[in-house]
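Trainee: Sharing entry.pdb here; it has PDB, C-alpha atoms and all ligand atoms.
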```
ATOM      1  CA  MET A  51       8.304  45.145 220.389
ATOM      2  CA  VAL A  52       5.054  43.195 219.849
ATOM      3  CA  HIS A  53       6.344  40.374 222.076
ATOM      4  CA  PHE A  54       7.376  42.882 224.745
ATOM      5  CA  CYS A  55       3.857  44.420 224.721
ATOM      6  CA  GLU A  56       2.304  40.923 224.939
ATOM      7  CA  TRP A  57       4.623  40.055 227.843
ATOM      8  CA  VAL A  58       3.714  43.281 229.707
ATOM      9  CA  PHE A  59      -0.012  42.685 229.041
ATOM     10  CA  GLU A  60       0.087  39.055 230.208
ATOM     11  CA  SER A  61       1.879  40.063 233.426
ATOM     12  CA  LEU A  62      -1.048  42.327 234.399
ATOM     13  CA  PRO A  63      -3.791  41.089 236.789
ATOM     14  CA  SER A  64      -6.765  39.610 234.868
ATOM     15  CA  ARG A  65      -9.179  42.412 235.926
ATOM     16  CA  LEU A  66      -6.779  45.074 234.636
ATOM     17  CA  GLN A  67      -6.485  43.134 231.351
ATOM     18  CA  SER A  68     -10.297  43.141 231.055
ATOM     19  CA  LEU A  69     -10.339  46.885 231.741
ATOM     20  CA  LEU A  70      -7.802  47.547 228.975
ATOM     21  CA  PHE A  71      -9.800  45.356 226.585
ATOM     22  CA  LEU A  72     -12.913  47.392 227.464
ATOM     23  CA  LEU A  73     -11.147  50.590 226.382
ATOM     24  CA  LEU A  74      -9.363  48.964 223.419
ATOM     25  CA  PRO A  75     -11.937  46.422 222.173
ATOM     26  CA  LEU A  76     -10.208  46.029 218.777
ATOM     27  CA  PHE A  77      -7.590  43.836 220.482
ATOM     28  CA  ASP A  78     -10.016  41.739 222.545
ATOM     29  CA  LEU A  79     -10.516  38.616 220.416
ATOM     30  CA  HIS A  80     -13.695  37.691 222.342
ATOM     31  CA  ASN A  81     -15.353  41.061 221.710
ATOM     32  CA  ARG A  82     -17.641  41.632 218.707
ATOM     33  CA  LEU A  83     -15.649  44.849 218.157
ATOM     34  CA  ALA A  84     -12.383  42.852 217.719
ATOM     35  CA  TRP A  85     -10.374  43.984 214.687
ATOM     36  CA  PHE A  86     -11.211  40.938 212.545
ATOM     37  CA  TYR A  87     -14.965  41.337 213.099
ATOM     38  CA  ILE A  88     -14.701  45.051 212.238
ATOM     39  CA  LEU A  89     -12.590  44.187 209.192
ATOM     40  CA  GLY A  90     -15.217  41.567 208.219
ATOM     41  CA  PHE A  91     -17.927  44.233 208.638
ATOM     42  CA  LEU A  92     -16.042  46.673 206.382
ATOM     43  CA  VAL A  93     -15.269  44.054 203.697
ATOM     44  CA  ILE A  94     -18.875  42.779 203.544
ATOM     45  CA  ALA A  95     -20.269  46.355 203.580
ATOM     46  CA  ALA A  96     -17.820  47.381 200.811
ATOM     47  CA  CYS A  97     -18.824  44.374 198.654
ATOM     48  CA  LEU A  98     -22.525  45.171 199.172
ATOM     49  CA  TYR A  99     -21.949  48.800 198.234
ATOM     50  CA  TRP A 100     -19.720  48.073 195.244
ATOM     51  CA  PHE A 101     -21.908  45.386 193.703
ATOM     52  CA  SER A 102     -25.243  47.065 194.393
ATOM     53  CA  PRO A 103     -26.920  48.191 191.128
ATOM     54  CA  ASP A 104     -28.213  51.273 193.051
ATOM     55  CA  ASN A 105     -24.649  52.617 193.228
ATOM     56  CA  SER A 106     -23.602  51.744 189.652
ATOM     57  CA  LYS A 107     -23.487  55.399 188.548
ATOM     58  CA  ASP A 108     -21.592  57.082 191.370
ATOM     59  CA  ARG A 109     -19.345  54.657 193.251
ATOM     60  CA  ALA A 110     -16.780  56.414 195.476
ATOM     61  CA  TRP A 111     -15.038  55.581 198.767
ATOM     62  CA  GLY A 112     -16.274  58.820 200.351
ATOM     63  CA  LYS A 113     -19.859  57.934 199.525
ATOM     64  CA  PHE A 114     -19.305  54.376 200.777
ATOM     65  CA  PHE A 115     -18.195  55.599 204.227
ATOM     66  CA  ASN A 116     -20.981  58.171 204.276
ATOM     67  CA  ASP A 117     -23.606  55.513 203.439
ATOM     68  CA  THR A 118     -22.153  52.913 205.834
ATOM     69  CA  PHE A 119     -21.546  55.279 208.761
ATOM     70  CA  PRO A 120     -24.111  58.103 208.333
ATOM     71  CA  PRO A 121     -22.714  61.079 210.310
ATOM     72  CA  ALA A 122     -26.169  61.988 211.664
ATOM     73  CA  LEU A 123     -26.458  58.522 213.225
ATOM     74  CA  TYR A 124     -23.000  58.606 214.793
ATOM     75  CA  VAL A 125     -23.457  61.996 216.466
ATOM     76  CA  SER A 126     -27.014  61.276 217.655
ATOM     77  CA  HIS A 127     -28.237  61.267 221.263
ATOM     78  CA  SER A 128     -29.147  57.577 220.847
ATOM     79  CA  PHE A 129     -25.567  56.700 219.843
ATOM     80  CA  ARG A 130     -24.182  58.597 222.857
ATOM     81  CA  LEU A 131     -26.408  56.496 225.163
ATOM     82  CA  ASP A 132     -25.208  53.320 223.378
ATOM     83  CA  TRP A 133     -21.567  54.185 224.118
ATOM     84  CA  GLN A 134     -22.264  55.086 227.721
ATOM     85  CA  CYS A 135     -24.033  51.720 228.165
ATOM     86  CA  TYR A 136     -21.076  49.939 226.569
ATOM     87  CA  LEU A 137     -18.686  51.468 229.127
ATOM     88  CA  ILE A 138     -20.899  51.075 232.219
ATOM     89  CA  ASN A 139     -21.952  47.495 231.388
ATOM     90  CA  GLY A 140     -18.316  46.693 230.575
ATOM     91  CA  LEU A 141     -17.197  47.967 233.988
ATOM     92  CA  LEU A 142     -19.930  45.885 235.679
ATOM     93  CA  LYS A 143     -18.771  42.830 233.713
ATOM     94  CA  VAL A 144     -15.164  43.388 234.827
ATOM     95  CA  ALA A 145     -16.293  43.819 238.451
ATOM     96  CA  LEU A 146     -18.569  40.740 238.509
ATOM     97  CA  ASN A 147     -16.438  38.527 236.231
ATOM     98  CA  LEU A 148     -19.271  36.041 235.557
ATOM     99  CA  SER A 149     -19.589  34.281 232.217
ATOM    100  CA  VAL A 150     -22.377  32.077 230.833
ATOM    101  CA  ALA A 151     -19.782  29.342 230.246
ATOM    102  CA  SER A 152     -18.689  29.203 233.916
ATOM    103  CA  ILE A 153     -22.290  29.223 235.258
ATOM    104  CA  ALA A 154     -23.368  26.625 232.647
ATOM    105  CA  MET A 155     -20.462  24.337 233.612
ATOM    106  CA  ALA A 156     -21.497  24.507 237.293
ATOM    107  CA  ILE A 157     -25.131  23.710 236.337
ATOM    108  CA  ALA A 158     -23.922  20.889 234.026
ATOM    109  CA  LEU A 159     -21.975  19.289 236.882
ATOM    110  CA  SER A 160     -24.940  19.468 239.279
ATOM    111  CA  SER A 161     -27.469  18.240 236.708
ATOM    112  CA  ARG A 162     -25.224  15.292 235.758
ATOM    113  CA  GLN A 163     -25.092  14.336 239.462
ATOM    114  CA  ILE A 164     -28.901  14.665 239.678
ATOM    115  CA  PHE A 165     -29.330  12.399 236.604
ATOM    116  CA  GLU A 166     -26.990   9.829 238.195
ATOM    117  CA  SER A 167     -28.834   9.918 241.514
ATOM    118  CA  ILE A 168     -32.212   9.426 239.757
ATOM    119  CA  PHE A 169     -31.303   6.957 236.977
ATOM    120  CA  GLY A 170     -28.045   5.439 238.295
ATOM    121  CA  VAL A 171     -24.827   5.307 236.255
ATOM    122  CA  SER A 172     -25.582   5.388 232.522
ATOM    123  CA  PRO A 173     -25.152   1.917 230.945
ATOM    124  CA  LEU A 174     -24.376   3.539 227.570
ATOM    125  CA  ARG A 175     -20.889   4.067 226.286
ATOM    126  CA  PHE A 176     -20.075   6.109 223.180
ATOM    127  CA  GLU A 177     -16.695   6.291 221.500
ATOM    128  CA  SER A 178     -15.916   9.762 220.239
ATOM    129  CA  ASN A 179     -16.314  10.090 216.471
ATOM    130  CA  LEU A 180     -16.797  12.932 214.006
ATOM    131  CA  LEU A 181     -20.577  12.451 213.724
ATOM    132  CA  LEU A 182     -21.090  12.623 217.510
ATOM    133  CA  ILE A 183     -18.812  15.676 217.741
ATOM    134  CA  LEU A 184     -20.858  17.432 215.023
ATOM    135  CA  ILE A 185     -24.177  16.444 216.652
ATOM    136  CA  HIS A 186     -22.953  17.672 220.052
ATOM    137  CA  THR A 187     -21.708  20.952 218.515
ATOM    138  CA  PHE A 188     -25.063  21.526 216.803
ATOM    139  CA  PHE A 189     -27.165  20.746 219.877
ATOM    140  CA  SER A 190     -24.937  22.841 222.164
ATOM    141  CA  ILE A 191     -25.593  25.945 220.109
ATOM    142  CA  ALA A 192     -29.229  25.069 219.288
ATOM    143  CA  ILE A 193     -30.142  24.573 222.968
ATOM    144  CA  PHE A 194     -28.182  27.693 223.933
ATOM    145  CA  ASP A 195     -30.148  29.577 221.273
ATOM    146  CA  LEU A 196     -33.435  28.111 222.540
ATOM    147  CA  GLY A 197     -32.499  29.539 225.964
ATOM    148  CA  THR A 198     -31.890  32.926 224.316
ATOM    149  CA  TYR A 199     -35.257  32.675 222.544
ATOM    150  CA  CYS A 200     -37.165  31.819 225.762
ATOM    151  CA  ALA A 201     -35.452  34.591 227.748
ATOM    152  CA  HIS A 202     -36.128  37.114 224.972
ATOM    153  CA  TYR A 203     -39.771  35.982 224.730
ATOM    154  CA  CYS A 204     -40.239  36.545 228.489
ATOM    155  CA  LEU A 205     -38.504  39.944 228.281
ATOM    156  CA  HIS A 206     -41.132  41.007 225.723
ATOM    157  CA  LYS A 207     -44.213  39.366 227.224
ATOM    158  CA  VAL A 208     -43.762  39.799 231.002
ATOM    159  CA  PRO A 209     -44.602  43.484 231.737
ATOM    160  CA  LEU A 210     -42.100  43.718 234.605
ATOM    161  CA  LEU A 211     -39.245  42.351 232.489
ATOM    162  CA  TRP A 212     -40.203  44.526 229.512
ATOM    163  CA  GLU A 213     -39.371  47.646 231.570
ATOM    164  CA  PHE A 214     -35.742  46.473 231.580
ATOM    165  CA  HIS A 215     -35.657  45.159 227.993
ATOM    166  CA  ARG A 216     -37.187  48.373 226.616
ATOM    167  CA  VAL A 217     -33.769  49.996 227.257
ATOM    168  CA  HIS A 218     -32.486  48.036 224.227
ATOM    169  CA  HIS A 219     -35.530  48.845 222.090
ATOM    170  CA  ALA A 220     -35.567  52.563 222.939
ATOM    171  CA  ALA A 221     -32.567  53.104 220.601
ATOM    172  CA  GLU A 222     -33.678  55.395 217.760
ATOM    173  CA  GLY A 223     -30.830  54.382 215.452
ATOM    174  CA  LEU A 224     -28.928  51.116 215.077
ATOM    175  CA  THR A 225     -25.122  50.994 215.125
ATOM    176  CA  PRO A 226     -22.896  48.059 216.159
ATOM    177  CA  ILE A 227     -22.617  49.697 219.610
ATOM    178  CA  THR A 228     -26.412  49.356 220.094
ATOM    179  CA  GLY A 229     -25.719  45.649 220.616
ATOM    180  CA  PHE A 230     -24.220  46.613 224.001
ATOM    181  CA  ARG A 231     -27.215  48.738 225.070
ATOM    182  CA  ASP A 232     -28.841  46.395 227.580
ATOM    183  CA  HIS A 233     -29.975  46.997 231.135
ATOM    184  CA  PRO A 234     -27.941  44.900 233.650
ATOM    185  CA  ILE A 235     -31.175  43.191 234.850
ATOM    186  CA  ASP A 236     -31.910  42.207 231.227
ATOM    187  CA  VAL A 237     -28.326  40.870 230.874
ATOM    188  CA  ALA A 238     -28.520  38.958 234.176
ATOM    189  CA  PHE A 239     -31.914  37.431 233.257
ATOM    190  CA  LYS A 240     -30.734  36.313 229.802
ATOM    191  CA  LYS A 241     -27.481  34.907 231.214
ATOM    192  CA  THR A 242     -29.363  32.922 233.872
ATOM    193  CA  ILE A 243     -31.822  31.373 231.396
ATOM    194  CA  LYS A 244     -29.146  30.632 228.763
ATOM    195  CA  SER A 245     -26.873  29.062 231.407
ATOM    196  CA  LEU A 246     -29.774  26.920 232.672
ATOM    197  CA  PHE A 247     -30.639  25.608 229.202
ATOM    198  CA  LEU A 248     -27.017  24.966 228.228
ATOM    199  CA  GLY A 249     -26.072  23.567 231.641
ATOM    200  CA  ILE A 250     -28.961  21.051 231.774
ATOM    201  CA  TYR A 251     -28.253  19.956 228.188
ATOM    202  CA  LEU A 252     -24.521  19.510 228.885
ATOM    203  CA  GLY A 253     -25.285  17.647 232.126
ATOM    204  CA  GLY A 254     -27.640  15.275 230.270
ATOM    205  CA  PHE A 255     -25.250  14.775 227.367
ATOM    206  CA  ASN A 256     -22.268  14.182 229.691
ATOM    207  CA  TYR A 257     -24.366  11.713 231.675
ATOM    208  CA  LEU A 258     -25.219   9.700 228.541
ATOM    209  CA  THR A 259     -21.750   9.829 226.953
ATOM    210  CA  LYS A 260     -19.669   9.915 230.148
ATOM    211  CA  GLY A 261     -18.259  13.281 229.035
ATOM    212  CA  GLN A 262     -16.169  11.798 226.231
ATOM    213  CA  ILE A 263     -17.375  13.953 223.319
ATOM    214  CA  ASP A 264     -15.772  17.275 222.334
ATOM    215  CA  THR A 265     -17.293  20.148 220.347
ATOM    216  CA  VAL A 266     -15.853  21.960 217.319
ATOM    217  CA  THR A 267     -14.526  25.288 218.560
ATOM    218  CA  VAL A 268     -12.371  28.170 217.354
ATOM    219  CA  ASP A 269     -10.307  29.634 220.186
ATOM    220  CA  GLY A 270     -12.816  28.303 222.757
ATOM    221  CA  THR A 271     -15.911  29.554 220.874
ATOM    222  CA  LEU A 272     -18.309  27.077 219.258
ATOM    223  CA  ILE A 273     -17.657  27.223 215.510
ATOM    224  CA  ILE A 274     -21.244  28.173 214.598
ATOM    225  CA  LEU A 275     -21.133  31.090 217.052
ATOM    226  CA  PHE A 276     -17.702  32.119 215.727
ATOM    227  CA  LEU A 277     -19.041  32.259 212.149
ATOM    228  CA  PHE A 278     -22.273  33.936 213.286
ATOM    229  CA  ASP A 279     -20.205  36.678 214.959
ATOM    230  CA  PHE A 280     -18.936  37.822 211.538
ATOM    231  CA  THR A 281     -22.461  39.085 210.816
ATOM    232  CA  ILE A 282     -23.348  40.157 214.360
ATOM    233  CA  ASN A 283     -22.412  43.818 213.840
ATOM    234  CA  PHE A 284     -24.860  44.057 210.920
ATOM    235  CA  ARG A 285     -27.758  43.108 213.220
ATOM    236  CA  HIS A 286     -27.490  46.576 214.699
ATOM    237  CA  SER A 287     -26.979  48.627 211.571
ATOM    238  CA  HIS A 288     -29.141  50.138 208.819
ATOM    239  CA  LEU A 289     -27.587  47.928 206.111
ATOM    240  CA  TRP A 290     -30.093  45.561 204.535
ATOM    241  CA  ILE A 291     -28.524  42.088 204.668
ATOM    242  CA  SER A 292     -30.932  39.298 203.893
ATOM    243  CA  TYR A 293     -30.190  35.565 203.400
ATOM    244  CA  GLY A 294     -33.293  35.030 201.274
ATOM    245  CA  TRP A 295     -36.708  33.563 202.083
ATOM    246  CA  HIS A 296     -35.675  29.908 202.528
ATOM    247  CA  LEU A 297     -32.450  30.348 204.528
ATOM    248  CA  GLU A 298     -34.130  32.900 206.781
ATOM    249  CA  HIS A 299     -36.431  30.112 208.006
ATOM    250  CA  ILE A 300     -33.290  28.438 209.417
ATOM    251  CA  PHE A 301     -30.742  31.157 210.217
ATOM    252  CA  SER A 302     -31.469  34.555 211.714
ATOM    253  CA  SER A 303     -30.084  37.146 209.294
ATOM    254  CA  PRO A 304     -29.158  40.725 210.280
ATOM    255  CA  ILE A 305     -32.327  42.053 208.664
ATOM    256  CA  LEU A 306     -34.521  39.791 210.831
ATOM    257  CA  HIS A 307     -33.083  41.456 213.943
ATOM    258  CA  GLN A 308     -33.419  44.942 212.447
ATOM    259  CA  ILE A 309     -37.099  44.105 211.869
ATOM    260  CA  HIS A 310     -37.257  43.105 215.554
ATOM    261  CA  HIS A 311     -36.390  46.756 216.351
ATOM    262  CA  SER A 312     -38.962  48.166 213.897
ATOM    263  CA  GLN A 313     -41.932  50.226 215.101
ATOM    264  CA  LYS A 314     -44.385  48.744 212.546
ATOM    265  CA  GLU A 315     -47.205  46.881 214.276
ATOM    266  CA  ILE A 316     -46.727  43.791 212.101
ATOM    267  CA  HIS A 317     -43.074  43.565 213.274
ATOM    268  CA  LEU A 318     -43.720  43.853 217.024
ATOM    269  CA  ASP A 319     -42.488  40.904 219.147
ATOM    270  CA  LYS A 320     -41.192  39.113 216.035
ATOM    271  CA  ASN A 321     -37.788  37.498 215.302
ATOM    272  CA  LEU A 322     -36.716  36.783 218.885
ATOM    273  CA  ALA A 323     -34.084  34.110 218.144
ATOM    274  CA  GLU A 324     -30.433  35.033 217.817
ATOM    275  CA  VAL A 325     -28.743  32.349 215.694
ATOM    276  CA  PHE A 326     -31.449  29.939 214.461
ATOM    277  CA  SER A 327     -34.678  31.502 213.190
ATOM    278  CA  PHE A 328     -36.311  28.043 213.129
ATOM    279  CA  TRP A 329     -37.142  28.631 216.818
ATOM    280  CA  ASP A 330     -39.198  31.658 215.714
ATOM    281  CA  TYR A 331     -40.736  29.576 212.930
ATOM    282  CA  LEU A 332     -41.662  26.768 215.359
ATOM    283  CA  PHE A 333     -43.201  29.129 217.944
ATOM    284  CA  GLY A 334     -44.969  31.402 215.450
ATOM    285  CA  THR A 335     -42.896  34.572 215.950
ATOM    286  CA  LEU A 336     -41.020  34.584 212.633
ATOM    287  CA  TYR A 337     -41.394  37.491 210.215
ATOM    288  CA  VAL A 338     -39.444  37.132 206.968
ATOM    289  CA  PRO A 339     -39.737  40.101 204.586
ATOM    290  CA  THR A 340     -40.598  39.350 200.972
ATOM    291  CA  GLN A 341     -39.194  42.666 199.737
ATOM    292  CA  ARG A 342     -37.125  45.580 200.985
ATOM    293  CA  GLU A 343     -38.990  47.570 203.641
ATOM    294  CA  GLN A 344     -38.418  51.020 205.154
ATOM    295  CA  LEU A 345     -37.779  50.542 208.875
ATOM    296  CA  ILE A 346     -38.168  53.130 211.631
ATOM    297  CA  VAL A 347     -36.622  51.752 214.807
ATOM    298  CA  GLY A 348     -37.541  52.518 218.418
ATOM    299  CA  ILE A 349     -40.654  52.085 220.563
ATOM    300  CA  PRO A 350     -43.926  53.266 218.950
ATOM    301  CA  GLY A 351     -45.184  56.483 220.548
ATOM    302  CA  GLU A 352     -42.238  56.783 222.948
ATOM    303  CA  ARG A 353     -38.947  58.663 222.942
ATOM    304  CA  ASP A 354     -35.479  57.449 223.906
ATOM    305  CA  TYR A 355     -34.261  58.043 227.484
ATOM    306  CA  GLU A 356     -33.210  61.614 228.221
ATOM    307  CA  ASN A 357     -29.911  60.622 229.815
ATOM    308  CA  ILE A 358     -27.916  57.639 231.031
ATOM    309  CA  TRP A 359     -29.176  57.896 234.638
ATOM    310  CA  GLN A 360     -32.780  57.711 233.469
ATOM    311  CA  LEU A 361     -31.869  54.733 231.277
ATOM    312  CA  TYR A 362     -30.453  52.800 234.243
ATOM    313  CA  PHE A 363     -32.841  53.839 237.040
ATOM    314  CA  GLN A 364     -36.221  54.504 235.400
ATOM    315  CA  PRO A 365     -36.821  50.752 234.702
ATOM    316  CA  PHE A 366     -36.646  50.103 238.471
ATOM    317  CA  THR A 367     -39.160  52.863 239.321
ATOM    318  CA  LYS A 368     -41.525  51.818 236.510
ATOM    319  CA  ALA A 369     -41.275  48.134 237.471
ATOM    320  CA  TRP A 370     -41.928  49.047 241.123
ATOM    321  CA  LYS A 371     -45.031  51.055 240.124
ATOM    322  CA  LYS A 372     -46.331  48.126 238.069
ATOM    323  CA  LEU A 373     -45.776  45.756 240.998
ATOM    324  CA  HIS A 374     -47.511  48.178 243.363
ATOM    325  CA  HIS A 375     -50.520  48.593 241.036
ATOM    326  CA  SER A 376     -50.914  44.854 240.539
ATOM    327  CA  ALA A 377     -50.713  44.320 244.333
ATOM    328  CA  ILE A 378     -53.480  46.931 244.849
ATOM    329  CA  ALA A 379     -55.586  45.382 242.033
ATOM    330  CA  SER A 380     -55.283  41.894 243.551
ATOM    331  CA  ASN A 381     -56.468  43.231 246.948
ATOM    332  CA  LEU A 382     -59.594  44.836 245.478
TER     333      LEU A 382
HETATM  334 ZN    ZN B 401     -36.275  42.433 222.019
HETATM  335 ZN    ZN B 402     -31.111  44.447 219.117
END
```
Rewrite the coordinates I just gave you, this time as structure tokens.
Ligand SMILES: [Zn+2]
Ligand SMILES: [Zn+2]

Mentor:
Amino acid sequence: MVHFCEWVFESLPSRLQSLLFLLLPLFDLHNRLAWFYILGFLVIAACLYWFSPDNSKDRAWGKFFNDTFPPALYVSHSFRLDWQCYLINGLLKVALNLSVASIAMAIALSSRQIFESIFGVSPLRFESNLLLILIHTFFSIAIFDLGTYCAHYCLHKVPLLWEFHRVHHAAEGLTPITGFRDHPIDVAFKKTIKSLFLGIYLGGFNYLTKGQIDTVTVDGTLIILFLFDFTINFRHSHLWISYGWHLEHIFSSPILHQIHHSQKEIHLDKNLAEVFSFWDYLFGTLYVPTQREQLIVGIPGERDYENIWQLYFQPFTKAWKKLHHSAIASNL
């Protein structure tokens, strides 16, 4: 029966497969809502709950589910907008069918040709070995993450771009679905910058090594990203998961991203990296908590969007007004 279902699924056109995966994300192995990531989320959350001294007196499965999935959060207006974004952005993704990997590969090919036309054919020759594979794996994800950091920094600091990124920050509660609440312009900008960083790095590395070196992957995903994805759903949650002061200067823990959503002034524009917090440390935007803090998420002094249409279209009108005002100011 399972094989029959797989056969039927694989016979479908690729866009229809993507559409089914959008509606049934548990079975899409490249989705952060895939069953093993959700299972990982539940196991880690259960361990945290069970071994927390705060719950030593009244441990119960009912209380665990209530604490992990607070009903008020999952029936909120903010959560409804998150889900609507998930579906609309998913449909756009199916329609456009563009991935960072495919754009980065095209950029890598062009940049390798540019390197060859400027510097000639590389005289170096490297034989593939474990050390080079590990170095290449590390730099692939580190440079990709640097691209994420730079894009995220611009989305916060450039007023025009902030209008689109504020869609993500307007969420008044964090659930794993909030991770999908992004404006398409925000997504397109981040994808472009990440693809540029990764593509130029891959082009340069392929030029030097003649494209001989592989990376360590799990089902096509770089291993570090694959492992990181087991904690990705906690980044948008209310569960306090910290790696400790020292490790949080290297890896971005879920709590660092939750702090990124916090309204406190001291937290604003902090913790912009996704995988490696050392980028934040290097550029002075790291905030590592020394103790547990109460976080209120959202944008200070502002409310969430009233409905999904406002969420998608208001950023364009606000950005247009900003452009118009700056054009008038420059003419004065
Ligand atoms: Zn942000
Ligand atoms: Zn977020």

Trainee: Compute the set of protein, DNA and RNA residues whose minimum atom distance to ligand ZN 402 (chain B) is at most 12 Å, using all atoms listed in the file, and state it as a PyMOL selection string.

Mentor: chain A and resi 132+202+215-232+282-288+304-312+319-324+347-348

Trainee: Give me, please, the distance in Å between CA of Asn179 (chain A) and CA of Val266 (chain A), quoted to one decimal.

Mentor: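 That distance, rounded to one decimal, is 11.9 Å.
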
Trainee: Which residues are close to Leu83 (chain A), i.e. within 10 Å by only C-alpha atoms, leaving aside same-chain residues fewer than 4 positions away? Reply as a PyMOL selection string.

Mentor: chain A and resi 74-79+87-89+91+226-227+279+282-283

Trainee: Here is a test: counting only C-alpha atoms, which residue of A:Phe114, A:Trp212, A:Phe189, A:Trp370 is nearest to Trp100 (chain A)?

Mentor: A:Phe114

Trainee: Ranking A:His317, A:His127, A:Arg342, A:Lys244 by minimum distance to ligand ZN 401 (chain B) and counting all atoms listed in the file, which one comes first?

Mentor: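 Result for the nearest residue to ligand ZN 401 (chain B): A:His317.
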
Trainee: Which is closest to ligand ZN 401 (chain B) among A:Leu131, A:Leu72, A:Cys204, A:Ala377, if we use all atoms listed in the file?

Mentor: A:Cys204

Trainee: Could you check which of A:His299, A:His186, A:Lys314, A:Arg82 is closest to Thr267 (chain A), using only C-alpha atoms?

Mentor: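 Distance minimum relative to Thr267 (chain A) lands on A:His186.
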
Trainee: Going by the chain IDs and residue numbers used in this file, which residues fall under the PyMOL selection byres (((chain A and resi 332) around 12) and not hetatm)? Write them as a PyMOL selection string.

Mentor: chain A and resi 196+199+299-300+321-323+326-331+333-337

Trainee: Kindly give the distance, in Å, that separates CA of Ser68 (chain A) and CA of Thr242 (chain A), rounded to a single decimal.

Mentor: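 Between CA of Ser68 (chain A) and CA of Thr242 (chain A) the gap works out to 21.8 Å.
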
Trainee: What is the distance between CA of Cys97 (chain A) and CA of His80 (chain A), in Å to one decimal?

Mentor: 25.1 Å

Trainee: Which neighbours of Gln364 (chain A) fall inside 12 Å, counting only C-alpha atoms, when residues of the same chain fewer than 4 positions from it are skipped, and could you give them as a PDB file with C-alpha atoms, keeping the file's coordinate frame?

Mentor:
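Saved to out14.pdb:
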```
ATOM      1  CA  GLU A 213     -39.371  47.646 231.570  1.00  0.00           C
ATOM      2  CA  PHE A 214     -35.742  46.473 231.580  1.00  0.00           C
ATOM      3  CA  HIS A 215     -35.657  45.159 227.993  1.00  0.00           C
ATOM      4  CA  ARG A 216     -37.187  48.373 226.616  1.00  0.00           C
ATOM      5  CA  VAL A 217     -33.769  49.996 227.257  1.00  0.00           C
ATOM      6  CA  HIS A 233     -29.975  46.997 231.135  1.00  0.00           C
ATOM      7  CA  ASP A 354     -35.479  57.449 223.906  1.00  0.00           C
ATOM      8  CA  TYR A 355     -34.261  58.043 227.484  1.00  0.00           C
ATOM      9  CA  GLU A 356     -33.210  61.614 228.221  1.00  0.00           C
ATOM     10  CA  ASN A 357     -29.911  60.622 229.815  1.00  0.00           C
ATOM     11  CA  ILE A 358     -27.916  57.639 231.031  1.00  0.00           C
ATOM     12  CA  TRP A 359     -29.176  57.896 234.638  1.00  0.00           C
ATOM     13  CA  GLN A 360     -32.780  57.711 233.469  1.00  0.00           C
ATOM     14  CA  LYS A 368     -41.525  51.818 236.510  1.00  0.00           C
ATOM     15  CA  ALA A 369     -41.275  48.134 237.471  1.00  0.00           C
ATOM     16  CA  TRP A 370     -41.928  49.047 241.123  1.00  0.00           C
ATOM     17  CA  LYS A 371     -45.031  51.055 240.124  1.00  0.00           C
TER      18      LYS A 371
END
```

Trainee: When the PyMOL selection byres (((chain A and resi 159) around 12) and not hetatm) is applied to the structure above, which residues does it catch, written out as an MDAnalysis selection string?

Mentor: chainID A and resid 152:158 160:166 246 248:257 260:261

Trainee: For ligand ZN 401 (chain B), which residue among A:Glu60, A:Asp236, A:Glu343, A:Glu352 is the nearest when counting only C-alpha atoms and all ligand atoms?

Mentor: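 For ligand ZN 401 (chain B), the nearest of the given residues is A:Asp236.
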
Trainee: Would you kindly translate the PyMOL selection byres (((chain A and resi 275) around 12) and not hetatm) into the concrete residues it picks from this file, as a VMD selection string?

Mentor: chain A and resid 80 82 187 to 188 190 to 192 194 to 195 266 to 274 276 to 282 301 324 to 326

Trainee: Please, what is the axis-aligned box for every listed atom of region 105-118 of chain A with 6 Å on each side, as centre and edge lengths in Å to one decimal, as JSON?

Mentor:
```
{"center_x": -19.8, "center_y": 55.3, "center_z": 197.2, "size_x": 21.6, "size_y": 19.1, "size_z": 29.3}
```

Trainee: For Phe71 (chain A), which residue out of A:Val144, A:Ile168, A:Leu373, A:Leu123 is the nearest one, using all atoms listed in the file?

Mentor: A:Val144
